[in-house]
Amino acid sequence: MSGGQAIGESLPLADELAGIFARMSGLLLSEETVETALGVLSSLAQETVPGSTGAGVSIMERRRRRSSGSTDSRVQAADALQYEFDEGPCLEAASNREVVRSDDLTEDPRWPRWTAAAVDLGLRSVLSAPLTAGDRSMGAIKVYAEQTHAFDEHSAQLLTLFSAQAAVLVANLQHQERAQRLSGGMREAFRTRDLVCTAKGVLMGRHAVDEATAFGMLLTRAQDDGTSVAQAARAVVDSAVRRRR
């Protein structure tokens, strides 16, 4: 599969999408981070839709909006302007959960401030499809072009089916990322717990006090030094190590 034009001209829609999805899954599963994986996804979207000169993914997390994996700085700028003006095709696609297409940005009245800025960036056409998984809207994926009327109904169909598969992959990636963050937080919690237990043992032996008193001493030290309990525990353990030398 050499590029978007070859896909669109040589294969029936079902076959071309099968090839796209196979490549997408293989590439994304090999990536380590969500950001890098979304970069691969954007590049594949640009290849998939004929006439595209740039692509990107907009992620909407609660009230936070961010662009990820944009193929170039112009796409990043166009997306950032949508968030700044609170208008544009990606926001509309994500909000209404429908494909949004503009054949000529110089004549499109739907997003006046964003459209003027996008035209200044040299963009003339845009096609955006929502990323939805079940009843959850995660954002949108979009392609841009420097020419007017760059996209047609076939382009819209391609991007719609592409985004449906992409949404599943994005949801899985976000789930994995959250699990990794949780796992990292749990590991840190266990390390802190072990450190505090060690420090309590040091204080119990040093001052001949019980566990509750030793923990109270740690709390007092943390308050006096303006540090966390974990930092106070680290200082106690380090002092014990130095005494043994």
# chains A, B, ... in the order shown; residues from 1 in each chain; ligands from 1
$ select_by_dssp --residues "range 57-114 of chain A" --states "alpha helix (DSSP H)" --output "number ranges by chain"
A: 73-85, 89-96, 112-114
$ closest_residue --among "A:Gly134, A:Pro112, A:Gly226, A:Gly54" --to "Ser73 in chain A" --atoms "only C-alpha atoms"
A:Gly54
$ closest_atom_pairs --of "range 109-218 of chain A" --to "range 82-85 of chain A" --cutoff "12 Å" --atoms "only C-alpha atoms" --output "JSON lines"
{"residue": "A:Trp111", "atom": "CA", "partner": "A:Phe85", "partner_atom": "CA", "distance": 9.0}
{"residue": "A:Pro112", "atom": "CA", "partner": "A:Phe85", "partner_atom": "CA", "distance": 9.6}
{"residue": "A:Arg113", "atom": "CA", "partner": "A:Phe85", "partner_atom": "CA", "distance": 6.9}
{"residue": "A:Trp114", "atom": "CA", "partner": "A:Gln82", "partner_atom": "CA", "distance": 6.1}
{"residue": "A:Thr115", "atom": "CA", "partner": "A:Gln82", "partner_atom": "CA", "distance": 9.2}
{"residue": "A:Ala116", "atom": "CA", "partner": "A:Phe85", "partner_atom": "CA", "distance": 11.3}
{"residue": "A:Ala117", "atom": "CA", "partner": "A:Gln82", "partner_atom": "CA", "distance": 9.5}
{"residue": "A:Ala118", "atom": "CA", "partner": "A:Gln82", "partner_atom": "CA", "distance": 9.3}
$ write_last_selection --atoms "N, CA, C and O atoms" --output "compact mmCIF listing (two decimals), in the first residue's frame"
# COMPACT_ATOMS: atom_id res chain seq x y z
N TRP A 111 -17.94 29.04 10.58
CA TRP A 111 -16.98 29.34 11.64
C TRP A 111 -16.15 30.56 11.21
O TRP A 111 -14.98 30.42 10.83
N PRO A 112 -16.72 31.74 11.23
CA PRO A 112 -16.09 32.91 10.60
C PRO A 112 -14.68 33.24 11.08
O PRO A 112 -13.79 33.50 10.26
N ARG A 113 -14.48 33.22 12.39
CA ARG A 113 -13.14 33.58 12.88
C ARG A 113 -12.12 32.50 12.56
O ARG A 113 -11.02 32.78 12.09
N TRP A 114 -12.51 31.24 12.80
CA TRP A 114 -11.56 30.17 12.53
C TRP A 114 -11.28 30.05 11.04
O TRP A 114 -10.13 29.84 10.64
N THR A 115 -12.31 30.16 10.22
CA THR A 115 -12.12 30.01 8.77
C THR A 115 -11.14 31.04 8.23
O THR A 115 -10.25 30.71 7.44
N ALA A 116 -11.26 32.30 8.67
CA ALA A 116 -10.34 33.33 8.19
C ALA A 116 -8.90 33.00 8.57
O ALA A 116 -7.97 33.16 7.77
N ALA A 117 -8.71 32.49 9.79
CA ALA A 117 -7.37 32.14 10.25
C ALA A 117 -6.83 30.92 9.50
O ALA A 117 -5.64 30.87 9.14
N ALA A 118 -7.70 29.94 9.23
CA ALA A 118 -7.27 28.74 8.52
C ALA A 118 -6.86 29.07 7.09
O ALA A 118 -5.88 28.53 6.56
$ atom_distance --atom1 "CA of Ala156 in chain A" --atom2 "CA of Thr71 in chain A"
19.4 Å
$ residues_around --residues "range 195-209 of chain A" --least-positions-apart "3" --cutoff "8 Å" --atoms "only C-alpha atoms" --output "list in words"
Arg191, Thr192, Thr213, Ala214, Phe215, Leu218, Val229, Ala230, Ala233, Arg234, Val236, Val237 and Ala240 of chain A
$ residues_around --residues "Cys90 in chain A" --least-positions-apart "5" --cutoff "9 Å" --atoms "only C-alpha atoms" --output "count of residues only"
14
$ atom_distance --atom1 "CA of Ser42 in chain A" --atom2 "CA of Gly56 in chain A"
4.9 Å
$ closest_residue --among "A:Arg221, A:Arg74, A:Arg136, A:His149" --to "Ser102 in chain A" --atoms "only C-alpha atoms"
A:His149
$ closest_residue --among "A:Val49, A:Ala37, A:Val143, A:Ala212" --to "Pro89 in chain A" --atoms "only C-alpha atoms"
A:Val143
$ select_by_dssp --residues "range 87-198 of chain A" --states "strand (DSSP E or B)" --output "list in words"
Val100, Arg101, Ser102, Ser125, Val126, Leu127, Ser128, Ala129, Pro130, Leu131, Thr132, Ala133, Arg136, Ser137, Met138, Gly139, Ala140, Ile141, Lys142, Val143, Tyr144 and Ala145 of chain A
$ atom_distance --atom1 "CA of Ser155 in chain A" --atom2 "CA of Leu81 in chain A"
24.3 Å
$ decode --residues "range 85-127 of chain A" --atoms "N, CA and C atoms" --output "compact mmCIF listing (two decimals), in the first residue's frame"
# COMPACT_ATOMS: atom_id res chain seq x y z
N PHE A 85 -10.87 29.93 19.48
CA PHE A 85 -12.10 30.61 19.06
C PHE A 85 -13.36 29.85 19.49
N ASP A 86 -13.17 28.62 19.97
CA ASP A 86 -14.29 27.76 20.36
C ASP A 86 -15.25 27.55 19.18
N GLU A 87 -14.69 27.34 18.02
CA GLU A 87 -15.48 27.04 16.83
C GLU A 87 -14.60 26.35 15.80
N GLY A 88 -15.22 25.54 14.94
CA GLY A 88 -14.46 24.88 13.89
C GLY A 88 -15.00 23.49 13.61
N PRO A 89 -14.57 22.88 12.53
CA PRO A 89 -15.11 21.59 12.09
C PRO A 89 -14.85 20.44 13.05
N CYS A 90 -13.69 20.42 13.70
CA CYS A 90 -13.39 19.31 14.62
C CYS A 90 -14.27 19.37 15.86
N LEU A 91 -14.44 20.57 16.40
CA LEU A 91 -15.31 20.72 17.56
C LEU A 91 -16.75 20.36 17.21
N GLU A 92 -17.18 20.74 16.02
CA GLU A 92 -18.54 20.43 15.60
C GLU A 92 -18.71 18.93 15.38
N ALA A 93 -17.71 18.29 14.79
CA ALA A 93 -17.78 16.85 14.55
C ALA A 93 -17.85 16.09 15.87
N ALA A 94 -17.02 16.49 16.83
CA ALA A 94 -17.00 15.82 18.12
C ALA A 94 -18.28 16.07 18.90
N SER A 95 -18.77 17.30 18.86
CA SER A 95 -19.97 17.67 19.62
C SER A 95 -21.23 17.02 19.07
N ASN A 96 -21.37 17.04 17.74
CA ASN A 96 -22.59 16.50 17.11
C ASN A 96 -22.46 15.04 16.70
N ARG A 97 -21.24 14.50 16.83
CA ARG A 97 -20.96 13.11 16.46
C ARG A 97 -21.37 12.82 15.02
N GLU A 98 -20.91 13.68 14.14
CA GLU A 98 -21.20 13.52 12.72
C GLU A 98 -20.04 14.04 11.89
N VAL A 99 -19.95 13.56 10.66
CA VAL A 99 -18.89 14.01 9.77
C VAL A 99 -19.16 15.45 9.35
N VAL A 100 -18.12 16.25 9.36
CA VAL A 100 -18.22 17.66 8.95
C VAL A 100 -17.25 17.89 7.81
N ARG A 101 -17.75 18.49 6.73
CA ARG A 101 -16.91 18.73 5.55
C ARG A 101 -17.09 20.16 5.07
N SER A 102 -15.97 20.77 4.70
CA SER A 102 -16.02 22.09 4.07
C SER A 102 -15.22 22.02 2.78
N ASP A 103 -15.89 22.29 1.67
CA ASP A 103 -15.23 22.20 0.37
C ASP A 103 -14.43 23.43 0.02
N ASP A 104 -14.81 24.56 0.60
CA ASP A 104 -14.11 25.81 0.29
C ASP A 104 -14.18 26.73 1.51
N LEU A 105 -13.11 26.76 2.27
CA LEU A 105 -13.10 27.55 3.50
C LEU A 105 -13.23 29.04 3.24
N THR A 106 -12.88 29.48 2.04
CA THR A 106 -12.99 30.91 1.75
C THR A 106 -14.45 31.35 1.63
N GLU A 107 -15.36 30.39 1.47
CA GLU A 107 -16.77 30.73 1.30
C GLU A 107 -17.67 30.10 2.37
N ASP A 108 -17.07 29.48 3.40
CA ASP A 108 -17.86 28.78 4.42
C ASP A 108 -18.17 29.73 5.57
N PRO A 109 -19.46 30.00 5.85
CA PRO A 109 -19.83 30.97 6.88
C PRO A 109 -19.99 30.37 8.28
N ARG A 110 -19.79 29.06 8.44
CA ARG A 110 -20.14 28.42 9.71
C ARG A 110 -19.21 28.80 10.86
N TRP A 111 -17.94 29.04 10.58
CA TRP A 111 -16.98 29.34 11.64
C TRP A 111 -16.15 30.56 11.21
N PRO A 112 -16.72 31.74 11.23
CA PRO A 112 -16.09 32.91 10.60
C PRO A 112 -14.68 33.24 11.08
N ARG A 113 -14.48 33.22 12.39
CA ARG A 113 -13.14 33.58 12.88
C ARG A 113 -12.12 32.50 12.56
N TRP A 114 -12.51 31.24 12.80
CA TRP A 114 -11.56 30.17 12.53
C TRP A 114 -11.28 30.05 11.04
N THR A 115 -12.31 30.16 10.22
CA THR A 115 -12.12 30.01 8.77
C THR A 115 -11.14 31.04 8.23
N ALA A 116 -11.26 32.30 8.67
CA ALA A 116 -10.34 33.33 8.19
C ALA A 116 -8.90 33.00 8.57
N ALA A 117 -8.71 32.49 9.79
CA ALA A 117 -7.37 32.14 10.25
C ALA A 117 -6.83 30.92 9.50
N ALA A 118 -7.70 29.94 9.23
CA ALA A 118 -7.27 28.74 8.52
C ALA A 118 -6.86 29.07 7.09
N VAL A 119 -7.60 29.96 6.45
CA VAL A 119 -7.25 30.38 5.10
C VAL A 119 -5.89 31.08 5.10
N ASP A 120 -5.62 31.88 6.10
CA ASP A 120 -4.32 32.53 6.22
C ASP A 120 -3.19 31.51 6.34
N LEU A 121 -3.52 30.33 6.87
CA LEU A 121 -2.51 29.26 6.99
C LEU A 121 -2.32 28.50 5.68
N GLY A 122 -3.14 28.83 4.67
CA GLY A 122 -3.03 28.15 3.38
C GLY A 122 -3.91 26.95 3.24
N LEU A 123 -4.90 26.79 4.12
CA LEU A 123 -5.82 25.66 4.06
C LEU A 123 -7.10 26.07 3.34
N ARG A 124 -7.62 25.15 2.53
CA ARG A 124 -8.82 25.48 1.76
C ARG A 124 -9.94 24.46 1.93
N SER A 125 -9.62 23.23 2.32
CA SER A 125 -10.64 22.20 2.52
C SER A 125 -10.36 21.45 3.82
N VAL A 126 -11.43 20.94 4.44
CA VAL A 126 -11.26 20.15 5.66
C VAL A 126 -12.36 19.10 5.73
N LEU A 127 -11.99 17.96 6.29
CA LEU A 127 -12.93 16.87 6.51
C LEU A 127 -12.65 16.31 7.90
